[in-house]
Number of protein chains: 4
Amino acid sequence: MEAIGSKRWVIPEGYIPPASMANGDRALLSHETACLLNTGDADAHVRITLFFTDREPVGPYEITLGARRTLHLRFNDLDDPAPVPPGEDYASVIESDVPIVVQHTRLDSRAAEVSLLSTMAYPAD
Amino acid sequence: MEAIGSKRWVIPEGYIPPASMANGDRALLSHETACLLNTGDADAHVRITLFFTDREPVGPYEITLGARRTLHLRFNDLDDPAPVPPGEDYASVIESDVPIVVQHTRLDSRAAEVSLLSTMAYPAD
Amino acid sequence: MEAIGSKRWVIPEGYIPPASMANGDRALLSHETACLLNTGDADAHVRITLFFTDREPVGPYEITLGARRTLHLRFNDLDDPAPVPPGEDYASVIESDVPIVVQHTRLDSRAAEVSLLSTMAYPAD
Amino acid sequence: MEAIGSKRWVIPEGYIPPASMANGDRALLSHETACLLNTGDADAHVRITLFFTDREPVGPYEITLGARRTLHLRFNDLDDPAPVPPGEDYASVIESDVPIVVQHTRLDSRAAEVSLLSTMAYPAD
């Protein structure tokens, strides 16, 4: 399939809840995800920059997304150049050398139950 | 009414929760849905391709959506050429021979309560 | 302020949950809403058409949205030409004679707790 | 990074739930947020106008968003020219002198658990 989407995406909302339900497995830990899809036949080299409320941006975080693959990337798992602190507001810009599509999701299990939000990211070529 | 929308839509987020609340009826089982609307006067022939994290795409899944009809298609119900495995990350591209509009929704009842997410899919003609 | 938005919007997902939590007031009853905003200085004459899975479209439902006003219209409250049956899948097209902006929201209180979803509708001038 | 986005954004849905869970800290109080991101190298001067069901618009609320910064602005915290009344439907238009990106989120803790919704706002340059 041909490459679909945009080479730059923006997610203004970012917040990793600082707690999770007791006894939850990894799937139910509070997390934020950027779901990336590369429909094309070339690998995508992706760079993520994080923005904060009262300090300079951090990045780039570099990820390779294979041809014809999706990656549901947890911001919780980013650690180079620095981990994303839970409980701090952030935002992200996601850039790729080939078109991709990006959707943003949070699972929040601070309370006893699961809560979800999702939205397509903002395409900004 | 004339046909409205795009002939290609993308949903990077896909995940069928592998469990559901006890004693839920079909409406409350954990599921993911692609809500399709065909406002036009010709049937839509729809092809869905699924993408995964570490294997090649699967599809097409073929669906006919009648003129002036909506179909809230559960990914859980797809089985030809292969069912969608619960608990595995996926993404989807939805193609139609006439313009349609697509919205993505998940109902998650892994915990005791219901959680919902929804977003318009990404139009990519 | 000038009129902002599109004269036609589409919401493929529609479903009024057929039950609600016990003892909830009106705010907590399960409902679906089309949030309409008319920023301009002329009233908006809005027509809503509903689409279903296995029968012909129903409408138009006609609403007047005043200049510089918002209306968070519950689909539950529509009754002319016919009420929207709870528990049945539907979709909607919202047309206006002046530009408006439309967002879709559901509050689901079938279980003991509240669950929410929302997305911007699809603009289709 | 260059400035990304639009100079005008619209959020038709607005509603601050009039109650919150007992014993919640600030993070878990019911609230609505406009998440603003200014990727550029010049400060953004932002003006918010609120629309209501049966009275004239209120505003502008004026906020400065620093260069290369995000602000997750709670509508609950707005008070000049007037606070946003909980339990009343509203809508918002967000204008900036430089491009920004805006996402809308609500956390609802009226019931015992947390519920979330989010969507990208509507860009309307």
# chains A, B, ... in the order shown; residues from 1 in each chain; ligands from 1
>>> calpha_fit_and_write(fixed="chain D", moving="chain A", output="short mmCIF file (atom, residue, chain, number, x, y, z; two decimals) with N, CA, C and O atoms, in the first residue's frame")
data_model
loop_
_atom_site.label_atom_id
_atom_site.label_comp_id
_atom_site.auth_asym_id
_atom_site.auth_seq_id
_atom_site.Cartn_x
_atom_site.Cartn_y
_atom_site.Cartn_z
N MET A 1 11.78 25.36 16.88
CA MET A 1 10.83 24.80 15.92
C MET A 1 9.92 25.91 15.40
O MET A 1 9.66 26.88 16.11
N GLU A 2 9.46 25.78 14.16
CA GLU A 2 8.56 26.81 13.64
C GLU A 2 7.19 26.74 14.34
O GLU A 2 6.87 25.74 15.00
N ALA A 3 6.41 27.79 14.23
CA ALA A 3 5.07 27.81 14.81
C ALA A 3 4.17 26.88 14.00
O ALA A 3 4.18 26.90 12.77
N ILE A 4 3.40 26.02 14.69
CA ILE A 4 2.55 25.03 14.04
C ILE A 4 1.10 25.25 14.45
O ILE A 4 0.82 25.50 15.62
N GLY A 5 0.19 25.10 13.50
CA GLY A 5 -1.22 25.04 13.85
C GLY A 5 -2.06 26.10 13.20
O GLY A 5 -1.88 26.46 12.03
N SER A 6 -3.02 26.61 13.95
CA SER A 6 -4.01 27.55 13.45
C SER A 6 -4.12 28.71 14.45
O SER A 6 -3.78 28.57 15.63
N LYS A 7 -4.60 29.84 13.98
CA LYS A 7 -4.77 31.00 14.87
C LYS A 7 -6.16 31.06 15.49
O LYS A 7 -6.46 31.99 16.25
N ARG A 8 -7.02 30.13 15.12
CA ARG A 8 -8.37 30.13 15.70
C ARG A 8 -8.86 28.71 15.85
O ARG A 8 -8.76 27.91 14.92
N TRP A 9 -9.39 28.38 17.00
CA TRP A 9 -9.87 27.05 17.32
C TRP A 9 -11.23 27.13 17.99
O TRP A 9 -11.51 28.08 18.73
N VAL A 10 -12.05 26.10 17.76
CA VAL A 10 -13.42 26.11 18.29
C VAL A 10 -13.68 24.81 19.05
O VAL A 10 -13.32 23.73 18.58
N ILE A 11 -14.33 24.94 20.22
CA ILE A 11 -14.75 23.79 21.03
C ILE A 11 -16.23 23.97 21.37
O ILE A 11 -16.57 24.71 22.29
N PRO A 12 -17.13 23.31 20.63
CA PRO A 12 -18.57 23.52 20.87
C PRO A 12 -19.04 22.94 22.20
O PRO A 12 -20.03 23.42 22.76
N GLU A 13 -18.40 21.88 22.67
CA GLU A 13 -18.79 21.23 23.92
C GLU A 13 -18.10 21.92 25.07
O GLU A 13 -16.87 22.10 25.06
N GLY A 14 -18.85 22.31 26.06
CA GLY A 14 -18.28 22.83 27.29
C GLY A 14 -19.24 22.59 28.43
O GLY A 14 -20.44 22.88 28.32
N TYR A 15 -18.74 22.01 29.51
CA TYR A 15 -19.59 21.72 30.67
C TYR A 15 -18.68 21.32 31.82
O TYR A 15 -17.98 20.31 31.73
N ILE A 16 -18.68 22.11 32.85
CA ILE A 16 -17.92 21.75 34.05
C ILE A 16 -18.86 21.03 35.00
O ILE A 16 -19.83 21.63 35.47
N PRO A 17 -18.63 19.74 35.24
CA PRO A 17 -19.54 19.01 36.13
C PRO A 17 -19.62 19.71 37.49
O PRO A 17 -18.59 20.15 38.02
N PRO A 18 -20.83 19.83 38.03
CA PRO A 18 -21.01 20.63 39.24
C PRO A 18 -20.63 19.89 40.53
O PRO A 18 -20.87 20.43 41.62
N ALA A 19 -20.08 18.70 40.41
CA ALA A 19 -19.68 17.98 41.62
C ALA A 19 -18.45 17.14 41.31
O ALA A 19 -18.08 16.95 40.15
N SER A 20 -17.81 16.65 42.35
CA SER A 20 -16.60 15.83 42.23
C SER A 20 -16.63 14.75 43.29
O SER A 20 -17.38 14.82 44.26
N MET A 21 -15.80 13.75 43.07
CA MET A 21 -15.69 12.68 44.06
C MET A 21 -15.22 13.25 45.40
O MET A 21 -14.54 14.27 45.47
N ALA A 22 -15.59 12.57 46.47
CA ALA A 22 -15.13 12.98 47.79
C ALA A 22 -13.63 12.69 47.91
O ALA A 22 -13.12 11.73 47.33
N ASN A 23 -12.93 13.51 48.61
CA ASN A 23 -11.52 13.26 48.95
C ASN A 23 -10.59 13.26 47.76
O ASN A 23 -9.48 12.76 47.84
N GLY A 24 -11.04 13.78 46.61
CA GLY A 24 -10.14 13.85 45.47
C GLY A 24 -9.19 15.03 45.63
O GLY A 24 -9.57 16.07 46.14
N ASP A 25 -7.95 14.86 45.18
CA ASP A 25 -7.05 16.02 45.17
C ASP A 25 -7.37 16.85 43.93
O ASP A 25 -8.26 16.53 43.15
N ARG A 26 -6.62 17.94 43.72
CA ARG A 26 -6.90 18.84 42.60
C ARG A 26 -6.93 18.10 41.26
O ARG A 26 -7.75 18.35 40.40
N ALA A 27 -6.02 17.13 41.09
CA ALA A 27 -5.94 16.42 39.82
C ALA A 27 -7.24 15.67 39.51
O ALA A 27 -7.58 15.47 38.34
N LEU A 28 -7.98 15.28 40.53
CA LEU A 28 -9.17 14.46 40.33
C LEU A 28 -10.47 15.24 40.49
O LEU A 28 -11.55 14.67 40.41
N LEU A 29 -10.39 16.55 40.72
CA LEU A 29 -11.61 17.37 40.69
C LEU A 29 -12.16 17.40 39.28
O LEU A 29 -11.40 17.46 38.30
N SER A 30 -13.48 17.40 39.15
CA SER A 30 -14.09 17.54 37.83
C SER A 30 -13.61 18.83 37.18
O SER A 30 -13.68 19.90 37.79
N HIS A 31 -13.12 18.72 35.93
CA HIS A 31 -12.66 19.93 35.26
C HIS A 31 -12.70 19.77 33.75
O HIS A 31 -12.77 18.65 33.23
N GLU A 32 -12.67 20.93 33.08
CA GLU A 32 -12.50 20.97 31.63
C GLU A 32 -11.23 21.73 31.32
O GLU A 32 -10.93 22.75 31.95
N THR A 33 -10.52 21.24 30.31
CA THR A 33 -9.23 21.80 29.97
C THR A 33 -9.13 22.10 28.49
O THR A 33 -9.59 21.30 27.67
N ALA A 34 -8.53 23.24 28.15
CA ALA A 34 -8.06 23.49 26.79
C ALA A 34 -6.55 23.36 26.83
O ALA A 34 -5.87 24.18 27.46
N CYS A 35 -6.04 22.32 26.18
CA CYS A 35 -4.59 22.10 26.15
C CYS A 35 -4.01 22.87 24.96
O CYS A 35 -4.34 22.56 23.81
N LEU A 36 -3.19 23.85 25.24
CA LEU A 36 -2.64 24.74 24.22
C LEU A 36 -1.15 24.43 24.04
O LEU A 36 -0.43 24.27 25.03
N LEU A 37 -0.71 24.37 22.78
CA LEU A 37 0.72 24.17 22.52
C LEU A 37 1.21 25.24 21.56
O LEU A 37 0.65 25.42 20.47
N ASN A 38 2.25 25.92 21.97
CA ASN A 38 2.92 26.94 21.15
C ASN A 38 4.33 26.44 20.83
O ASN A 38 5.23 26.55 21.66
N THR A 39 4.50 25.87 19.64
CA THR A 39 5.81 25.31 19.29
C THR A 39 6.80 26.37 18.84
O THR A 39 7.99 26.07 18.71
N GLY A 40 6.31 27.58 18.56
CA GLY A 40 7.14 28.60 17.93
C GLY A 40 8.03 29.36 18.90
O GLY A 40 8.02 29.12 20.11
N ASP A 41 8.76 30.31 18.33
CA ASP A 41 9.75 31.05 19.11
C ASP A 41 9.27 32.42 19.56
O ASP A 41 10.04 33.22 20.09
N ALA A 42 7.97 32.69 19.37
CA ALA A 42 7.39 33.94 19.88
C ALA A 42 6.25 33.60 20.82
O ALA A 42 5.52 32.62 20.61
N ASP A 43 6.09 34.40 21.88
CA ASP A 43 4.95 34.18 22.78
C ASP A 43 3.63 34.29 22.01
O ASP A 43 3.53 35.05 21.04
N ALA A 44 2.65 33.53 22.46
CA ALA A 44 1.31 33.59 21.87
C ALA A 44 0.39 34.37 22.82
O ALA A 44 0.34 34.08 24.01
N HIS A 45 -0.29 35.36 22.26
CA HIS A 45 -1.29 36.12 23.03
C HIS A 45 -2.66 35.56 22.67
O HIS A 45 -3.11 35.71 21.53
N VAL A 46 -3.28 34.91 23.65
CA VAL A 46 -4.47 34.09 23.39
C VAL A 46 -5.69 34.79 23.99
O VAL A 46 -5.63 35.30 25.11
N ARG A 47 -6.77 34.79 23.22
CA ARG A 47 -8.04 35.37 23.68
C ARG A 47 -9.13 34.32 23.56
O ARG A 47 -9.34 33.74 22.50
N ILE A 48 -9.84 34.07 24.65
CA ILE A 48 -10.91 33.07 24.68
C ILE A 48 -12.25 33.78 24.84
O ILE A 48 -12.40 34.64 25.72
N THR A 49 -13.21 33.40 24.00
CA THR A 49 -14.58 33.91 24.12
C THR A 49 -15.51 32.74 24.41
O THR A 49 -15.42 31.70 23.74
N LEU A 50 -16.37 32.90 25.40
CA LEU A 50 -17.31 31.83 25.77
C LEU A 50 -18.71 32.16 25.26
O LEU A 50 -19.16 33.30 25.35
N PHE A 51 -19.38 31.12 24.75
CA PHE A 51 -20.75 31.25 24.26
C PHE A 51 -21.68 30.41 25.14
O PHE A 51 -21.27 29.35 25.62
N PHE A 52 -22.93 30.87 25.27
CA PHE A 52 -23.88 30.19 26.14
C PHE A 52 -25.19 29.90 25.41
O PHE A 52 -25.37 30.27 24.26
N THR A 53 -26.10 29.24 26.12
CA THR A 53 -27.37 28.84 25.51
C THR A 53 -28.34 30.00 25.37
O THR A 53 -29.05 30.11 24.37
N ASP A 54 -28.38 30.86 26.35
CA ASP A 54 -29.44 31.86 26.35
C ASP A 54 -28.99 33.23 26.83
O ASP A 54 -29.78 34.02 27.32
N ARG A 55 -27.69 33.49 26.66
CA ARG A 55 -27.19 34.85 26.95
C ARG A 55 -26.02 35.17 26.04
O ARG A 55 -25.46 34.29 25.38
N GLU A 56 -25.65 36.45 26.03
CA GLU A 56 -24.60 36.90 25.11
C GLU A 56 -23.23 36.34 25.50
O GLU A 56 -23.01 35.99 26.66
N PRO A 57 -22.31 36.26 24.53
CA PRO A 57 -20.96 35.76 24.81
C PRO A 57 -20.25 36.59 25.88
O PRO A 57 -20.54 37.77 26.06
N VAL A 58 -19.30 35.93 26.54
CA VAL A 58 -18.50 36.56 27.59
C VAL A 58 -17.02 36.46 27.20
O VAL A 58 -16.55 35.41 26.78
N GLY A 59 -16.30 37.57 27.35
CA GLY A 59 -14.87 37.55 27.05
C GLY A 59 -14.43 38.91 26.57
O GLY A 59 -15.21 39.85 26.60
N PRO A 60 -13.19 39.00 26.11
CA PRO A 60 -12.22 37.91 26.04
C PRO A 60 -11.52 37.66 27.39
O PRO A 60 -11.31 38.57 28.18
N TYR A 61 -11.20 36.38 27.57
CA TYR A 61 -10.25 35.99 28.60
C TYR A 61 -8.87 36.02 27.94
O TYR A 61 -8.71 35.45 26.87
N GLU A 62 -7.92 36.67 28.56
CA GLU A 62 -6.62 36.85 27.91
C GLU A 62 -5.53 36.06 28.63
O GLU A 62 -5.40 36.14 29.86
N ILE A 63 -4.79 35.27 27.85
CA ILE A 63 -3.73 34.43 28.40
C ILE A 63 -2.48 34.61 27.54
O ILE A 63 -2.58 34.68 26.31
N THR A 64 -1.32 34.62 28.14
CA THR A 64 -0.08 34.59 27.37
C THR A 64 0.54 33.20 27.50
O THR A 64 0.68 32.67 28.61
N LEU A 65 0.85 32.62 26.35
CA LEU A 65 1.44 31.28 26.30
C LEU A 65 2.85 31.43 25.76
O LEU A 65 3.05 31.83 24.62
N GLY A 66 3.82 31.11 26.57
CA GLY A 66 5.21 31.35 26.21
C GLY A 66 5.65 30.58 24.97
O GLY A 66 5.06 29.56 24.59
N ALA A 67 6.72 31.04 24.36
CA ALA A 67 7.34 30.34 23.24
C ALA A 67 7.79 28.95 23.71
O ALA A 67 8.31 28.80 24.82
N ARG A 68 7.58 27.96 22.85
CA ARG A 68 8.00 26.57 23.14
C ARG A 68 7.43 26.04 24.46
O ARG A 68 8.10 25.33 25.21
N ARG A 69 6.16 26.38 24.74
CA ARG A 69 5.53 25.94 25.97
C ARG A 69 4.14 25.38 25.69
O ARG A 69 3.50 25.74 24.71
N THR A 70 3.69 24.49 26.59
CA THR A 70 2.30 24.05 26.58
C THR A 70 1.62 24.57 27.83
O THR A 70 2.26 24.75 28.88
N LEU A 71 0.32 24.82 27.73
CA LEU A 71 -0.47 25.21 28.89
C LEU A 71 -1.77 24.40 28.85
O LEU A 71 -2.50 24.46 27.87
N HIS A 72 -1.99 23.62 29.90
CA HIS A 72 -3.24 22.87 30.02
C HIS A 72 -4.16 23.70 30.91
O HIS A 72 -4.16 23.58 32.12
N LEU A 73 -4.92 24.56 30.25
CA LEU A 73 -5.69 25.60 30.93
C LEU A 73 -7.05 25.07 31.37
O LEU A 73 -7.86 24.64 30.54
N ARG A 74 -7.30 25.10 32.66
CA ARG A 74 -8.61 24.69 33.16
C ARG A 74 -9.61 25.84 33.03
O ARG A 74 -9.37 26.94 33.55
N PHE A 75 -10.73 25.55 32.37
CA PHE A 75 -11.80 26.57 32.31
C PHE A 75 -12.26 26.93 33.72
O PHE A 75 -12.69 28.05 33.97
N ASN A 76 -12.16 25.97 34.64
CA ASN A 76 -12.54 26.22 36.04
C ASN A 76 -11.77 27.40 36.63
O ASN A 76 -12.24 28.04 37.57
N ASP A 77 -10.55 27.64 36.11
CA ASP A 77 -9.69 28.65 36.72
C ASP A 77 -9.88 30.04 36.11
O ASP A 77 -9.31 31.02 36.60
N LEU A 78 -10.65 30.14 35.03
CA LEU A 78 -10.90 31.46 34.42
C LEU A 78 -11.77 32.29 35.35
O LEU A 78 -12.76 31.80 35.89
N ASP A 79 -11.41 33.57 35.53
CA ASP A 79 -12.29 34.39 36.35
C ASP A 79 -12.38 35.84 35.90
O ASP A 79 -13.17 36.60 36.47
N ASP A 80 -11.64 36.23 34.88
CA ASP A 80 -11.69 37.61 34.41
C ASP A 80 -11.99 37.61 32.92
O ASP A 80 -11.16 37.13 32.15
N PRO A 81 -13.15 38.08 32.46
CA PRO A 81 -14.09 38.96 33.16
C PRO A 81 -15.12 38.27 34.07
O PRO A 81 -15.81 38.99 34.81
N ALA A 82 -15.24 36.93 34.06
CA ALA A 82 -16.24 36.30 34.93
C ALA A 82 -15.93 34.82 35.02
O ALA A 82 -15.45 34.23 34.04
N PRO A 83 -16.17 34.17 36.15
CA PRO A 83 -15.93 32.73 36.24
C PRO A 83 -16.90 31.96 35.34
O PRO A 83 -17.95 32.47 34.94
N VAL A 84 -16.54 30.72 35.02
CA VAL A 84 -17.38 29.84 34.20
C VAL A 84 -18.26 29.03 35.15
O VAL A 84 -17.75 28.26 35.95
N PRO A 85 -19.57 29.21 35.08
CA PRO A 85 -20.42 28.54 36.07
C PRO A 85 -20.48 27.02 35.87
O PRO A 85 -20.80 26.56 34.77
N PRO A 86 -20.17 26.23 36.89
CA PRO A 86 -20.34 24.77 36.77
C PRO A 86 -21.80 24.42 36.50
O PRO A 86 -22.71 25.12 36.95
N GLY A 87 -21.99 23.37 35.72
CA GLY A 87 -23.35 22.90 35.45
C GLY A 87 -24.07 23.65 34.36
O GLY A 87 -25.22 23.36 34.07
N GLU A 88 -23.41 24.62 33.70
CA GLU A 88 -24.04 25.36 32.59
C GLU A 88 -23.35 25.00 31.28
O GLU A 88 -22.13 25.03 31.19
N ASP A 89 -24.15 24.71 30.25
CA ASP A 89 -23.57 24.44 28.93
C ASP A 89 -22.89 25.70 28.39
O ASP A 89 -23.45 26.79 28.46
N TYR A 90 -21.70 25.50 27.80
CA TYR A 90 -21.04 26.61 27.13
C TYR A 90 -20.26 26.08 25.93
O TYR A 90 -20.23 24.87 25.68
N ALA A 91 -19.66 26.99 25.18
CA ALA A 91 -18.78 26.65 24.06
C ALA A 91 -17.69 27.71 24.05
O ALA A 91 -17.81 28.75 24.70
N SER A 92 -16.60 27.45 23.31
CA SER A 92 -15.50 28.42 23.34
C SER A 92 -14.86 28.59 21.97
O SER A 92 -14.79 27.66 21.17
N VAL A 93 -14.39 29.82 21.73
CA VAL A 93 -13.55 30.13 20.58
C VAL A 93 -12.23 30.66 21.13
O VAL A 93 -12.23 31.53 22.01
N ILE A 94 -11.14 30.09 20.64
CA ILE A 94 -9.80 30.40 21.14
C ILE A 94 -9.00 31.02 20.00
O ILE A 94 -8.79 30.37 18.97
N GLU A 95 -8.59 32.28 20.16
CA GLU A 95 -7.86 32.99 19.10
C GLU A 95 -6.46 33.34 19.60
O GLU A 95 -6.29 33.70 20.76
N SER A 96 -5.50 33.27 18.69
CA SER A 96 -4.10 33.54 19.04
C SER A 96 -3.46 34.38 17.94
O SER A 96 -3.85 34.31 16.78
N ASP A 97 -2.46 35.17 18.31
CA ASP A 97 -1.79 36.00 17.29
C ASP A 97 -0.71 35.22 16.54
O ASP A 97 -0.18 35.71 15.54
N VAL A 98 -0.39 34.03 17.02
CA VAL A 98 0.52 33.14 16.28
C VAL A 98 -0.11 31.75 16.26
O VAL A 98 -0.97 31.44 17.09
N PRO A 99 0.29 30.89 15.32
CA PRO A 99 -0.33 29.56 15.26
C PRO A 99 -0.07 28.75 16.52
O PRO A 99 1.06 28.73 17.05
N ILE A 100 -1.11 28.09 17.00
CA ILE A 100 -1.02 27.17 18.14
C ILE A 100 -1.86 25.93 17.80
O ILE A 100 -2.55 25.91 16.78
N VAL A 101 -1.79 24.91 18.65
CA VAL A 101 -2.65 23.74 18.50
C VAL A 101 -3.42 23.54 19.81
O VAL A 101 -2.86 23.75 20.89
N VAL A 102 -4.71 23.17 19.69
CA VAL A 102 -5.59 23.10 20.86
C VAL A 102 -6.33 21.76 20.92
O VAL A 102 -6.90 21.31 19.92
N GLN A 103 -6.32 21.15 22.08
CA GLN A 103 -7.05 19.90 22.33
C GLN A 103 -7.93 20.09 23.56
O GLN A 103 -7.55 20.76 24.51
N HIS A 104 -9.11 19.50 23.52
CA HIS A 104 -10.11 19.67 24.58
C HIS A 104 -10.24 18.40 25.39
O HIS A 104 -10.33 17.30 24.83
N THR A 105 -10.25 18.50 26.72
CA THR A 105 -10.38 17.34 27.60
C THR A 105 -11.30 17.66 28.77
O THR A 105 -11.29 18.77 29.28
N ARG A 106 -12.10 16.69 29.16
CA ARG A 106 -12.86 16.81 30.41
C ARG A 106 -12.55 15.63 31.31
O ARG A 106 -12.48 14.49 30.84
N LEU A 107 -12.36 15.90 32.60
CA LEU A 107 -12.33 14.84 33.60
C LEU A 107 -13.57 15.02 34.46
O LEU A 107 -13.81 16.08 35.02
N ASP A 108 -14.35 13.96 34.53
CA ASP A 108 -15.63 14.01 35.24
C ASP A 108 -15.56 13.03 36.40
O ASP A 108 -15.41 11.83 36.20
N SER A 109 -15.65 13.56 37.61
CA SER A 109 -15.62 12.67 38.77
C SER A 109 -16.86 12.89 39.65
O SER A 109 -16.79 12.80 40.87
N ARG A 110 -17.99 13.14 38.97
CA ARG A 110 -19.25 13.28 39.71
C ARG A 110 -19.62 11.99 40.42
O ARG A 110 -20.12 11.99 41.53
N ALA A 111 -19.42 10.88 39.72
CA ALA A 111 -19.67 9.57 40.33
C ALA A 111 -18.41 9.18 41.12
O ALA A 111 -17.51 9.99 41.30
N ALA A 112 -18.34 7.97 41.59
CA ALA A 112 -17.21 7.58 42.45
C ALA A 112 -15.93 7.41 41.65
O ALA A 112 -14.83 7.47 42.19
N GLU A 113 -16.06 7.21 40.33
CA GLU A 113 -14.91 6.94 39.49
C GLU A 113 -14.63 8.12 38.56
O GLU A 113 -15.41 9.06 38.48
N VAL A 114 -13.52 8.03 37.85
CA VAL A 114 -13.11 9.05 36.89
C VAL A 114 -13.62 8.69 35.50
O VAL A 114 -13.52 7.53 35.09
N SER A 115 -14.14 9.67 34.77
CA SER A 115 -14.43 9.46 33.37
C SER A 115 -13.77 10.58 32.56
O SER A 115 -13.70 11.72 33.01
N LEU A 116 -13.29 10.23 31.36
CA LEU A 116 -12.54 11.17 30.54
C LEU A 116 -13.12 11.27 29.15
O LEU A 116 -13.61 10.28 28.60
N LEU A 117 -13.04 12.45 28.57
CA LEU A 117 -13.27 12.60 27.12
C LEU A 117 -12.21 13.55 26.60
O LEU A 117 -11.67 14.38 27.32
N SER A 118 -11.90 13.41 25.30
CA SER A 118 -10.96 14.34 24.67
C SER A 118 -11.17 14.35 23.17
O SER A 118 -11.57 13.35 22.57
N THR A 119 -10.92 15.49 22.56
CA THR A 119 -10.92 15.60 21.10
C THR A 119 -10.05 16.79 20.71
O THR A 119 -9.89 17.73 21.48
N MET A 120 -9.46 16.67 19.53
CA MET A 120 -8.79 17.84 18.99
C MET A 120 -9.86 18.91 18.77
O MET A 120 -10.98 18.59 18.34
N ALA A 121 -9.56 20.16 19.09
CA ALA A 121 -10.48 21.24 18.77
C ALA A 121 -10.56 21.42 17.25
O ALA A 121 -9.79 20.82 16.50
N TYR A 122 -11.51 22.26 16.81
CA TYR A 122 -11.71 22.46 15.37
C TYR A 122 -10.90 23.68 14.91
O TYR A 122 -11.15 24.79 15.38
N PRO A 123 -9.94 23.49 13.99
CA PRO A 123 -9.13 24.61 13.52
C PRO A 123 -9.89 25.41 12.48
O PRO A 123 -10.45 24.84 11.54
N ALA A 124 -9.92 26.73 12.64
CA ALA A 124 -10.79 27.54 11.77
C ALA A 124 -10.12 28.84 11.40
O ALA A 124 -10.63 29.91 11.70
N ASP A 125 -8.96 28.74 10.75
CA ASP A 125 -8.33 29.97 10.28
C ASP A 125 -9.17 30.60 9.18
O ASP A 125 -9.73 29.88 8.35
#
>>> select_by_dssp(residues="chain A", states="strand (DSSP E)", output="PyMOL selection string")
chain A and resi 6-11+31-38+44-52+58-65+69-74+90-108+115-120+122-123
>>> select_by_dssp(residues="chain D", states="helix (DSSP H, G or I)", output="ChimeraX atom specification")
/D:26-28,75-77
>>> write_last_selection(atoms="all heavy atoms", output="mmCIF file, in the first residue's frame")
data_model
loop_
_atom_site.group_PDB
_atom_site.id
_atom_site.type_symbol
_atom_site.label_atom_id
_atom_site.label_comp_id
_atom_site.auth_asym_id
_atom_site.auth_seq_id
_atom_site.Cartn_x
_atom_site.Cartn_y
_atom_site.Cartn_z
ATOM 1 N N ARG D 26 -6.623 17.947 43.716
ATOM 2 C CA ARG D 26 -6.900 18.847 42.594
ATOM 3 C C ARG D 26 -6.922 18.094 41.271
ATOM 4 O O ARG D 26 -7.763 18.357 40.411
ATOM 5 C CB ARG D 26 -5.848 19.964 42.541
ATOM 6 C CG ARG D 26 -6.015 20.872 41.323
ATOM 7 C CD ARG D 26 -5.038 22.057 41.294
ATOM 8 N NE ARG D 26 -4.815 22.528 39.937
ATOM 9 C CZ ARG D 26 -5.563 23.422 39.304
ATOM 10 N NH1 ARG D 26 -6.571 23.980 39.931
ATOM 11 N NH2 ARG D 26 -5.308 23.779 38.061
ATOM 12 N N ALA D 27 -6.021 17.135 41.100
ATOM 13 C CA ALA D 27 -5.947 16.414 39.827
ATOM 14 C C ALA D 27 -7.240 15.672 39.517
ATOM 15 O O ALA D 27 -7.590 15.475 38.354
ATOM 16 C CB ALA D 27 -4.774 15.428 39.846
ATOM 17 N N LEU D 28 -7.981 15.276 40.527
ATOM 18 C CA LEU D 28 -9.181 14.458 40.327
ATOM 19 C C LEU D 28 -10.484 15.240 40.480
ATOM 20 O O LEU D 28 -11.556 14.662 40.395
ATOM 21 C CB LEU D 28 -9.153 13.260 41.281
ATOM 22 C CG LEU D 28 -8.036 12.249 40.980
ATOM 23 C CD1 LEU D 28 -8.002 11.156 42.039
ATOM 24 C CD2 LEU D 28 -8.223 11.624 39.601
ATOM 25 N N PHE D 75 -10.734 25.552 32.387
ATOM 26 C CA PHE D 75 -11.791 26.564 32.313
ATOM 27 C C PHE D 75 -12.262 26.922 33.724
ATOM 28 O O PHE D 75 -12.680 28.051 33.970
ATOM 29 C CB PHE D 75 -12.956 26.055 31.455
ATOM 30 C CG PHE D 75 -12.667 26.022 29.981
ATOM 31 C CD1 PHE D 75 -12.229 24.864 29.358
ATOM 32 C CD2 PHE D 75 -12.837 27.153 29.199
ATOM 33 C CE1 PHE D 75 -11.961 24.824 27.990
ATOM 34 C CE2 PHE D 75 -12.579 27.127 27.829
ATOM 35 C CZ PHE D 75 -12.136 25.961 27.222
ATOM 36 N N ASN D 76 -12.163 25.959 34.643
ATOM 37 C CA ASN D 76 -12.538 26.216 36.041
ATOM 38 C C ASN D 76 -11.763 27.396 36.626
ATOM 39 O O ASN D 76 -12.230 28.043 37.573
ATOM 40 C CB ASN D 76 -12.208 25.014 36.947
ATOM 41 C CG ASN D 76 -12.718 23.690 36.438
ATOM 42 O OD1 ASN D 76 -12.614 23.407 35.253
ATOM 43 N ND2 ASN D 76 -13.270 22.876 37.324
ATOM 44 N N ASP D 77 -10.545 27.646 36.109
ATOM 45 C CA ASP D 77 -9.681 28.667 36.711
ATOM 46 C C ASP D 77 -9.871 30.037 36.096
ATOM 47 O O ASP D 77 -9.301 31.021 36.578
ATOM 48 C CB ASP D 77 -8.209 28.245 36.558
ATOM 49 C CG ASP D 77 -7.872 27.015 37.395
ATOM 50 O OD1 ASP D 77 -8.608 26.727 38.360
ATOM 51 O OD2 ASP D 77 -6.863 26.350 37.086
#
